[in-house]
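S.K.: This is the structure, below, for whatever I ask next.
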Amino acid sequence: MARTPGHAAKIMDLGSRMKDLDPKSIQRTELVDVMGVPLFTEISEIWGSIWDFQAKPDDLLICTYPKAGTTWLQEIVAMVQSEGDPQKCDQAPIYNRIPFIEMIHPVLSGLKEAEAMPSPRTLKSHLPVQLLPPSFWEQNCKIIYVARNVKDNAVSYFHFHRMDQEMPEPGTWDQFLENFIAGKVCWGSWFDHVKGWWEAKDRHPVLYLFYEDMKEDLAREIRKVAEFLGIELPEPVLNRIVQHTTFDNMKTNPMANYSTIPPSFMDPTVSTFMRKGTVGDWKEHFTVAQSECLDEVCARELEGSNLTFRTQL
Ligand code: A3P
């Protein structure tokens with residue numbers, strides 16, 4: 001059965017629900033340890049029900065470390081599933097079309113949205129491999145993972161903390177980078193995340209993509225997604241998907257760029273969700289010492305895993 005965003009279009013847009021909240025109630029959250037991984041306090045409070053989430057065999061999960069290109073991959077998958085029909089994707093913002101299973105908020109429960117969604121479902125998560133609800137493994141669900149080089153990922157996460165008024169306080173760039181390297185940020189260590197999922201792909205149907213490869217040749221990576229999903233993409237359809245999912249087009253697409261979230265939550269005057277969308281922006285942020293330090297940590301952490309990243313194209 002074809003996946004359509006019709007269900008999402010029927011539920012009230014999250015952005016509209018957020019507009020009803022008193023901006024004064026917005027608070028930056030704190031992190032709590034869940035099985036060794038820092039998560040939002042709110043997520044930790046419902047952890048039992050997240051862990052017990054019942055995946056179905058035809059669920060597709062999009063999983064990433066935050067700011068690795070999740071939204072980009074979501075829009076690609078949605079376009080592939082709708083056989084390149086942008087109108088189907090334009091019916092609702094991306095966060096309504098694809099429930100974020102562990103997300104919980106006064107006006108949102110990713111779990112409830114996922115449960116209410118008709119199958120076949122496409123779901124999103126940032127959970128590291130060891131925290132994924134076991135039913136996803138038991139049901140042998142297909143999973144697409146995208147990883148991004150650690151330096152650009154850290155920079156993007158820093159700016160996201162600054163603009164999203166519910167994320168923990170990031171402090172200065174230097175302080176944030178220190179916490180990021182130590183894994184003291186929400187969803188934990190980037191190293192553990194990318195390594196854990198890299199190993200999982202040898203045991204489960206996981207398609208492991210890289211942000212840098214997507215920047216290098218978007219059509220090639222979209223073909224991989226379609227093949228993994230068993231969907232044939234005639235050349236004109238592929239070209240439409242490539243066009244629809246370029247950075248410039250997604251940046252101006254309100255159904256993909258998070259501009260429907262009220263500015264009291266995501267403040268575009270601080271930074272936009274679709275910020276730069278490049279490989280190598282880290283050079284504008286890192287000192288030489290920070291770059292060398294992270295190179296060393298990265299080499300040590302990824303040693304023996306045959307997992308490599310490109311920090312420039
Ligand atoms: P920057 O902050 O470096 O610009 P996520 O969706 O996981 O939160 O990731 C957001 C990052 O992906 C942002 O990175 C955003 O600009 C980038 N991004 C989103 N859509 C993109 C696209 N079509 N092409 C390239 N980068 C994209």
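Ordering of the structure tokens sets the chain letters (A, B, ...); residue numbers start at 1 within each chain; ligands are numbered from 1 in the order shown.
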Quick one: contact table of chain A to ligand 1, 8 Å max, nearest atom pair and distance in Å to one decimal per residue, counting only C-alpha atoms and all ligand atoms, chain and number order, as a Markdown table?

M.R.:
```
| residue | atom | partner | partner_atom_place_in_ligand_line | distance |
| --- | --- | --- | --- | --- |
| A:Thr64 | CA | ligand 1 | 7 (O) | 6.9 |
| A:Tyr65 | CA | ligand 1 | 7 (O) | 7.0 |
| A:Pro66 | CA | ligand 1 | 7 (O) | 4.8 |
| A:Lys67 | CA | ligand 1 | 7 (O) | 3.2 |
| A:Ala68 | CA | ligand 1 | 7 (O) | 4.3 |
| A:Gly69 | CA | ligand 1 | 9 (O) | 3.8 |
| A:Thr70 | CA | ligand 1 | 7 (O) | 3.6 |
| A:Thr71 | CA | ligand 1 | 6 (O) | 3.6 |
| A:Trp72 | CA | ligand 1 | 20 (N) | 4.2 |
| A:Leu73 | CA | ligand 1 | 6 (O) | 7.8 |
| A:Asp152 | CA | ligand 1 | 3 (O) | 6.2 |
| A:Asn153 | CA | ligand 1 | 3 (O) | 6.9 |
| A:Val155 | CA | ligand 1 | 3 (O) | 6.8 |
| A:Ser156 | CA | ligand 1 | 2 (O) | 3.8 |
| A:Tyr157 | CA | ligand 1 | 2 (O) | 6.9 |
| A:His159 | CA | ligand 1 | 2 (O) | 6.7 |
| A:Phe160 | CA | ligand 1 | 2 (O) | 7.1 |
| A:Tyr211 | CA | ligand 1 | 26 (N) | 7.8 |
| A:Met214 | CA | ligand 1 | 25 (C) | 7.9 |
| A:Lys215 | CA | ligand 1 | 25 (C) | 6.5 |
| A:Thr245 | CA | ligand 1 | 23 (N) | 4.9 |
| A:Thr246 | CA | ligand 1 | 23 (N) | 4.4 |
| A:Phe247 | CA | ligand 1 | 23 (N) | 3.5 |
| A:Asp248 | CA | ligand 1 | 23 (N) | 7.0 |
| A:Asn249 | CA | ligand 1 | 23 (N) | 7.3 |
| A:Met250 | CA | ligand 1 | 23 (N) | 5.4 |
| A:Lys251 | CA | ligand 1 | 20 (N) | 7.1 |
| A:Asn257 | CA | ligand 1 | 20 (N) | 7.8 |
| A:Thr272 | CA | ligand 1 | 2 (O) | 7.9 |
| A:Phe273 | CA | ligand 1 | 15 (C) | 6.2 |
| A:Met274 | CA | ligand 1 | 16 (O) | 3.7 |
| A:Arg275 | CA | ligand 1 | 4 (O) | 3.6 |
| A:Lys276 | CA | ligand 1 | 4 (O) | 3.5 |
| A:Gly277 | CA | ligand 1 | 26 (N) | 3.5 |
| A:Thr278 | CA | ligand 1 | 3 (O) | 5.9 |
| A:Val279 | CA | ligand 1 | 3 (O) | 7.6 |
| A:Asp281 | CA | ligand 1 | 3 (O) | 7.0 |
```

S.K.: Could you give me the residues within stretch 203-311 of chain A that DSSP places in strand (DSSP E), as a ChimeraX atom specification?

M.R.: /A:206-210

S.K.: What does the structure give for the distance between atom CA of A:Met35 and atom CA of A:Trp198, in Å to one decimal?

M.R.: 20.1 Å

S.K.: May I ask which of the residues A:Asp164, A:Asp85, A:Asp52, A:Asp22 is the closest one to A:Asp267, counting only C-alpha atoms?

M.R.: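 Checking each candidate against A:Asp267, we get A:Asp164 as the closest.
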
S.K.: Record the distance separating atom CA of A:Arg17 and atom CA of A:Lys112, expressed in Å with one decimal.

M.R.: 15.3 Å

S.K.: Nearest to A:Glu138 among A:Glu227, A:Glu303, A:Glu30, A:Asp59, with distances taken over only C-alpha atoms: which residue is it?

M.R.: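 Among the listed residues, the smallest separation from A:Glu138 belongs to A:Asp59.
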
S.K.: Restricting the calculation to only C-alpha atoms, which member of A:Cys298, A:Ala154, A:Ala289, A:Val107 is positioned closest to A:Lys19?

M.R.: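 Among A:Cys298, A:Ala154, A:Ala289, A:Val107, it is A:Val107 that comes nearest to A:Lys19.
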
S.K.: Give me the stretch 12-70 of chain A side of the contact with stretch 171-185 of chain A, cut-off 8 Å, one line per residue showing its nearest atom pair and distance in Å at one decimal, counting only C-alpha atoms, sorted by chain and residue number, as a tab-separated table.

M.R.:
```
residue	atom	partner	partner_atom	distance
A:Leu31	CA	A:Val185	CA	7.7
A:Pro38	CA	A:Val185	CA	6.4
A:Leu39	CA	A:Val185	CA	7.9
```

S.K.: Contacts of A:Pro205 at 10 Å or less, counting only C-alpha atoms, minus same-chain residues fewer than 3 places along, as a VMD selection string?

M.R.: chain A and resid 137 140 to 144 200 to 202 208 228

S.K.: Pick the closest to A:Thr29 from A:Gln165, A:Gln81, A:Asn253, A:Ser109: which is it, counting only C-alpha atoms?

M.R.: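 Comparing A:Gln165, A:Gln81, A:Asn253, A:Ser109 against A:Thr29, the winner is A:Gln165.
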
S.K.: Write out as a PyMOL selection string the residues lying within 9 Å of A:Ile261, counting only C-alpha atoms and excluding same-chain residues fewer than 5 positions away.

M.R.: chain A and resi 14-16+18-19+266

S.K.: I'd like the neighbourhood of A:Phe136 as an MDAnalysis selection string, where a residue qualifies if any of its atoms comes within 8 Å (using only C-alpha atoms), though same-chain residues fewer than 3 positions away should be ignored.

M.R.: chainID A and resid 54:57 132:133 139:141

S.K.: Rank nothing, just name the residue among A:Gly188, A:Lys151, A:Pro170, A:Val80 nearest to A:Lys283, using only C-alpha atoms.

M.R.: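 Smallest distance to A:Lys283 is found for A:Lys151.
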
S.K.: Given the choices A:Ser49, A:Thr311, A:Ser189, A:Gln87, which gets closest to A:Asp213 if the distance is worked out from only C-alpha atoms?

M.R.: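 Comparing A:Ser49, A:Thr311, A:Ser189, A:Gln87 against A:Asp213, the winner is A:Thr311.
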
S.K.: Taking the backbone alone, and naming residues the way the document does, which bits of stretch 102-233 of chain A are helix (DSSP H, G or I) by DSSP, as a VMD selection string?

M.R.: chain A and resid 110 to 116 129 to 131 134 to 138 150 to 163 173 to 181 190 to 200 211 to 216 218 to 229
